[in-house]
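Participant: One structure, pasted below without further comment.
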Protein chains: 2
Amino acid sequence: MGLVVQKFGGTSVGSVDRIQNVAEKVARTHAEGHQVVVTVSAMGKTTDELVSLARQISSHPPQREMDVLLTTGEQVTIALLSMALQEKGLKARPMTGWQAGIQTDPIHGKARIDHIDTRRVKECLEWGEIVVVAGFQGVSAEGEITTLGRGGSDTTAVALAAALRADRCEIFTDVTGVFTADPRMAPKASKLKEISYEEMLELANLGAGVLHPRSVECAMTHQVPLVVRSSFVDEEGTCVKEADQMEEQINVRGVAHDLQVARMKVLGLPNRAETLTTLFTRLANAHINVDMIVTSEHDDERIDVAFSVHEDEGDEAQSVIEEYQGELGCIKVLSETGLAKVSAVGAGMVTNPGVAARMFTSLSEAGVRIKMVSTSEIKISCVIPKGQAEKAVRELHTTFGLDVEEEALAGVVS
Amino acid sequence: MGLVVQKFGGTSVGSVDRIQNVAEKVARTHAEGHQVVVTVSAMGKTTDELVSLARQISSHPPQREMDVLLTTGEQVTIALLSMALQEKGLKARPMTGWQAGIQTDPIHGKARIDHIDTRRVKECLEWGEIVVVAGFQGVSAEGEITTLGRGGSDTTAVALAAALRADRCEIFTDVTGVFTADPRMAPKASKLKEISYEEMLELANLGAGVLHPRSVECAMTHQVPLVVRSSFVDEEGTCVKEADQMEEQINVRGVAHDLQVARMKVLGLPNRAETLTTLFTRLANAHINVDMIVTSEHDDERIDVAFSVHEDEGDEAQSVIEEYQGELGCIKVLSETGLAKVSAVGAGMVTNPGVAARMFTSLSEAGVRIKMVSTSEIKISCVIPKGQAEKAVRELHTTFGLDVEEEALAGVVS
């Protein structure tokens, strides 16, 4: 008998029928003799509806109040799922973030989990109850309701699994697993049986969209085996685990893309040691996540810096830089949207120096314009025009020998 | 400068526009130099929608889960109202029941407030913030979310006013005050300028519908002056206060009615001392509120008992009695619905012995069939067929000299 944490996202709990379907899956795991903790998101479009209410009152609703508002979404789901489980004769206990002891920092809208006081959850598990926890939310030390921001429900699930030392954490989603590329863009993509935390982290960061990077990071740190599988199709998913426990080392494991990229160019900065520190500290203080960074030296006096951010944070990044333009001493700030990022990811890459060259050749032969490049030990990323992203993904998928002949799209439920 | 608690019900916060209207009223009170605590209900039909979701999953949704579900309604309102106040440049702080320190017993769906830990609310008031508290909800000692049941938001407001020693508690509603009768039934009804706690308590219990009896009880116990006034029309409301501070003693102050009455008859009970104790203890344990009770002695061995309950609790009352039929030793249980209760209320009644006689005469001359009678020092109630309620209210209103000539309906917004 083990302890399993299962997470179901907004699509998986989008209607009463689907909540009953989730109850069925949870009941099956419980019947196998496991203790089960379930974390859930808000039902389908609930969050959008709540955001729209807030927007009618304020063009920039305050984040603390947004957290109070949005956390009602998951609270509705935990109540309904607990009812559905009880209808099946099982004992179930709904818990909001604060009830489940999920303590966060006080950064509303983007809070990070500080620690989880698992006493209440453990007590209920010992009573034989299935614990149903609201994802995406927590409580600050000051007793304010917080949300974890993008991908928050995945993070809740993994953090709970880590805190409870669960045997595994299953992320149920609308795809059947992690693919070598998005099958909607590369029809010859195939599902991976397993992938390392590091590779998954790069894929997650690069917009594979299946798992949020924060949740993968947390799983890696605490060595929680993750399983990504479908809420709708009953088939084995993809297991995310330690690289050294994996069967084979593959050169490039997958091709990822991210269609929401903005690039900022800060031109003519003084070529001094503290310039980059100042720039990126100001951005970090504004809670802007900078992704790729490229610097180029003009001459001894001036450097240019380009960096990419999520499309949604482009405007804020620009206004932060403009606010500190005097302090930074830069000449010009330019921003460009309508960009995408494509990446080749694989733990085998580090021992295979030709990968970057093959990637650039493949893209340039396909007429794709490369605007920025960034590399790590297990990935190479290129920023390109958004309109060329699909072509680029297909080309790279073929180049790195990932194409399979059967139609893999069958495994994806839209 | 004083401290004012204001309560706005579901109709008053039924849309974004109306929430902005509430913000305007609150802002005005704040601008007069008062500290303000606001309690709000769920927006309009939210509760009904949530109940309908639950019913799709379970025909008898468990009450603990219902509380988790329904409390999201007020949580949405506190977030939106706080945003609307901040849009006006005011500092506002949303608080759920548990955040506002509202500790209740663990009876889900019908919890009673044990005490309020006002530290957090007081702290925020001292910082110059308007505190916006979710009505109707609290938290049990075990950390479970509870709801206060019918009229819960009024109770939250009055209990907060008592705990904070507020100067007054204003209940904003969809009528302009307390009337001598429901103007929709008695067109010649007029608004009362003031009424005593005791009279209001009888009116509330008797279905005047403006204030929940629990909230009046709480106000009376803690001597909190209550003001009932309109959310939509800007006019003075009705003040509920101590009888000895009132200007004049009136014979009958108003005529109340309640259209949701069921009557249970338990026939042939053993004529023993413990019979009534057993019967009403069993009902109390099932949390059924019994209203009027009439007993009649058959002979030395048998008595009949009739009592009235809220229509919604009729079925449950019947099944409780049937469950204990053996223990009670009764011969037959009958229930009757489709009943109403009409009552004449007034603190002057106690010194005026003719009131009951005038009431019975008036009703019988109008052809109204009286099925049960109950009296107290300040009220006389009769259970009658629901279809005759409107006629009965008008007759009594005329009989007791309450008719006014101008059209008082103008003051009521439907």
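Every chain in the structure tokens has a letter given in the order shown (A, B, ...), and although residue numbers restart at 1 in each chain, ligands are simply numbered from 1 in the order shown.
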Enumerate as a PyMOL selection string the residues belonging to chain A that approach chain B to within 8 Å, with only C-alpha atoms taken into account.
Facilitator: chain A and resi 16+20+53-54+56-58+61-62+65-66+68-69+72-73+75-76+79-80+82-84+87+94+99+143-144
Participant: Can I get the selected residues back with C-alpha atoms, as a tab-separated table (two decimals), in the first residue's frame?
Facilitator:
```tsv
chain	number	residue	atom	x	y	z
A	16	VAL	CA	-20.39	17.65	-13.41
A	20	GLN	CA	-17.86	12.17	-11.73
A	53	LEU	CA	-16.26	40.30	-13.30
A	54	ALA	CA	-13.18	41.93	-11.78
A	56	GLN	CA	-15.80	45.29	-15.03
A	57	ILE	CA	-14.89	46.94	-11.74
A	58	SER	CA	-11.24	47.78	-12.30
A	61	PRO	CA	-7.73	44.79	-10.26
A	62	PRO	CA	-5.54	44.64	-7.14
A	65	GLU	CA	-8.37	40.86	-4.09
A	66	MET	CA	-7.87	38.82	-7.28
A	68	VAL	CA	-9.55	36.14	-2.81
A	69	LEU	CA	-11.73	36.07	-5.93
A	72	THR	CA	-13.23	30.39	-4.98
A	73	GLY	CA	-12.90	28.44	-8.25
A	75	GLN	CA	-13.05	25.68	-3.63
A	76	VAL	CA	-16.14	24.89	-5.69
A	79	ALA	CA	-16.70	20.53	-2.63
A	80	LEU	CA	-18.22	18.90	-5.71
A	82	SER	CA	-15.83	15.32	-2.39
A	83	MET	CA	-19.58	14.96	-2.84
A	84	ALA	CA	-19.07	12.76	-5.90
A	87	GLU	CA	-21.85	9.30	-3.46
A	94	PRO	CA	-12.37	18.78	0.98
A	99	GLN	CA	-6.93	24.07	5.52
A	143	GLY	CA	-3.24	34.97	7.02
A	144	GLU	CA	-3.94	36.37	3.55
```
Participant: What's around region 159-172 of chain B at 6 Å? Count only C-alpha atoms, leave out sequence neighbours fewer than 6 positions away in its own chain, and write the answer as an MDAnalysis selection string.
Facilitator: chainID B and resid 3:8 222 225:231
Participant: Mind dumping the selected residues with N, CA and C atoms as a PDB file, in the first residue's frame?
Facilitator:
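Okay, this is what ended up in again.pdb:
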```pdb
ATOM      1  N   LEU B   3     -18.187  53.887  15.009  1.00  0.00           N
ATOM      2  CA  LEU B   3     -17.960  52.665  14.251  1.00  0.00           C
ATOM      3  C   LEU B   3     -19.317  52.137  13.792  1.00  0.00           C
ATOM      4  N   VAL B   4     -19.449  51.965  12.471  1.00  0.00           N
ATOM      5  CA  VAL B   4     -20.718  51.532  11.900  1.00  0.00           C
ATOM      6  C   VAL B   4     -20.522  50.206  11.169  1.00  0.00           C
ATOM      7  N   VAL B   5     -21.419  49.250  11.419  1.00  0.00           N
ATOM      8  CA  VAL B   5     -21.421  48.007  10.641  1.00  0.00           C
ATOM      9  C   VAL B   5     -22.584  48.094   9.655  1.00  0.00           C
ATOM     10  N   GLN B   6     -22.300  47.835   8.380  1.00  0.00           N
ATOM     11  CA  GLN B   6     -23.349  47.897   7.363  1.00  0.00           C
ATOM     12  C   GLN B   6     -23.467  46.542   6.691  1.00  0.00           C
ATOM     13  N   LYS B   7     -24.692  46.087   6.480  1.00  0.00           N
ATOM     14  CA  LYS B   7     -24.893  44.795   5.831  1.00  0.00           C
ATOM     15  C   LYS B   7     -25.713  44.962   4.557  1.00  0.00           C
ATOM     16  N   PHE B   8     -25.209  44.347   3.487  1.00  0.00           N
ATOM     17  CA  PHE B   8     -25.906  44.390   2.207  1.00  0.00           C
ATOM     18  C   PHE B   8     -26.218  42.969   1.752  1.00  0.00           C
ATOM     19  N   HIS B 222     -27.117  42.271  23.086  1.00  0.00           N
ATOM     20  CA  HIS B 222     -25.936  43.129  23.188  1.00  0.00           C
ATOM     21  C   HIS B 222     -26.254  44.616  23.034  1.00  0.00           C
ATOM     22  N   PRO B 225     -28.010  49.099  18.517  1.00  0.00           N
ATOM     23  CA  PRO B 225     -29.094  49.724  17.756  1.00  0.00           C
ATOM     24  C   PRO B 225     -29.035  49.284  16.294  1.00  0.00           C
ATOM     25  N   LEU B 226     -30.175  48.782  15.809  1.00  0.00           N
ATOM     26  CA  LEU B 226     -30.267  48.303  14.427  1.00  0.00           C
ATOM     27  C   LEU B 226     -31.027  49.322  13.601  1.00  0.00           C
ATOM     28  N   VAL B 227     -30.590  49.540  12.356  1.00  0.00           N
ATOM     29  CA  VAL B 227     -31.360  50.374  11.436  1.00  0.00           C
ATOM     30  C   VAL B 227     -31.636  49.554  10.186  1.00  0.00           C
ATOM     31  N   VAL B 228     -32.912  49.436   9.814  1.00  0.00           N
ATOM     32  CA  VAL B 228     -33.282  48.729   8.590  1.00  0.00           C
ATOM     33  C   VAL B 228     -33.597  49.771   7.530  1.00  0.00           C
ATOM     34  N   ARG B 229     -32.878  49.726   6.403  1.00  0.00           N
ATOM     35  CA  ARG B 229     -33.107  50.740   5.369  1.00  0.00           C
ATOM     36  C   ARG B 229     -32.844  50.201   3.982  1.00  0.00           C
ATOM     37  N   SER B 230     -33.185  50.988   2.979  1.00  0.00           N
ATOM     38  CA  SER B 230     -33.132  50.520   1.603  1.00  0.00           C
ATOM     39  C   SER B 230     -31.762  50.722   0.957  1.00  0.00           C
ATOM     40  N   SER B 231     -31.359  49.728   0.163  1.00  0.00           N
ATOM     41  CA  SER B 231     -30.139  49.848  -0.643  1.00  0.00           C
ATOM     42  C   SER B 231     -30.365  50.735  -1.856  1.00  0.00           C
TER      43      SER B 231
END
```
Participant: What's around Gly44 (chain A) at 7 Å? Count only C-alpha atoms, leave out sequence neighbours fewer than 4 positions away in its own chain, and write the answer as number ranges by chain.
Facilitator: A: 10-11, 13-14
Participant: Using only C-alpha atoms, which residues sit within 7 Å of Gly149 (chain B) once same-chain residues fewer than 6 positions away are excluded, as a list in words?
Facilitator: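 Listed by chain and then number, they are Gly109, Lys110, Ala111 and Phe136 of chain B.
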Participant: List every residue of region 214-248 of chain A that DSSP, applied to the backbone of this structure, places in strand (DSSP E or B), and write the result as JSON, numbers by chain.
Facilitator: {"A": [226, 227, 228, 229, 230, 238, 239, 240, 241]}
Participant: Residues near Ser308 (chain A), anyone? I mean within 6 Å using only C-alpha atoms, not counting same-chain ones fewer than 3 positions away, as a list in words.
Facilitator: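 Returned residues: Ala262, Arg263, Asp291 and Met292 of chain A.
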Participant: Atoms to include: all heavy atoms. Write the selected residues as an mmCIF file, in the first residue's frame.
Facilitator:
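The resulting file, out.cif, is reproduced below:
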```
data_model
loop_
_atom_site.group_PDB
_atom_site.id
_atom_site.type_symbol
_atom_site.label_atom_id
_atom_site.label_comp_id
_atom_site.auth_asym_id
_atom_site.auth_seq_id
_atom_site.Cartn_x
_atom_site.Cartn_y
_atom_site.Cartn_z
ATOM 1 N N ALA A 262 8.276 37.450 -26.203
ATOM 2 C CA ALA A 262 8.577 38.836 -26.562
ATOM 3 C C ALA A 262 10.080 39.041 -26.350
ATOM 4 O O ALA A 262 10.682 38.411 -25.474
ATOM 5 C CB ALA A 262 7.788 39.797 -25.697
ATOM 6 N N ARG A 263 10.672 39.878 -27.184
ATOM 7 C CA ARG A 263 12.096 40.143 -27.030
ATOM 8 C C ARG A 263 12.295 41.625 -26.745
ATOM 9 O O ARG A 263 11.715 42.487 -27.405
ATOM 10 C CB ARG A 263 12.849 39.766 -28.304
ATOM 11 C CG ARG A 263 14.349 40.069 -28.190
ATOM 12 C CD ARG A 263 15.127 39.576 -29.380
ATOM 13 N NE ARG A 263 14.702 40.234 -30.611
ATOM 14 C CZ ARG A 263 15.467 40.288 -31.700
ATOM 15 N NH1 ARG A 263 16.661 39.721 -31.720
ATOM 16 N NH2 ARG A 263 15.014 40.876 -32.787
ATOM 17 N N ASP A 291 13.935 35.031 -19.653
ATOM 18 C CA ASP A 291 14.318 33.700 -20.132
ATOM 19 C C ASP A 291 15.714 33.758 -20.758
ATOM 20 O O ASP A 291 16.727 33.671 -20.068
ATOM 21 C CB ASP A 291 13.248 33.222 -21.114
ATOM 22 C CG ASP A 291 13.555 31.852 -21.656
ATOM 23 O OD1 ASP A 291 14.368 31.139 -21.046
ATOM 24 O OD2 ASP A 291 12.971 31.492 -22.700
ATOM 25 N N MET A 292 15.805 33.959 -22.069
ATOM 26 C CA MET A 292 17.122 33.979 -22.718
ATOM 27 C C MET A 292 17.752 35.359 -22.587
ATOM 28 O O MET A 292 17.060 36.361 -22.632
ATOM 29 C CB MET A 292 16.960 33.633 -24.200
ATOM 30 C CG MET A 292 16.512 32.191 -24.412
ATOM 31 S SD MET A 292 15.804 31.912 -26.046
ATOM 32 C CE MET A 292 17.247 32.071 -27.077
#
```
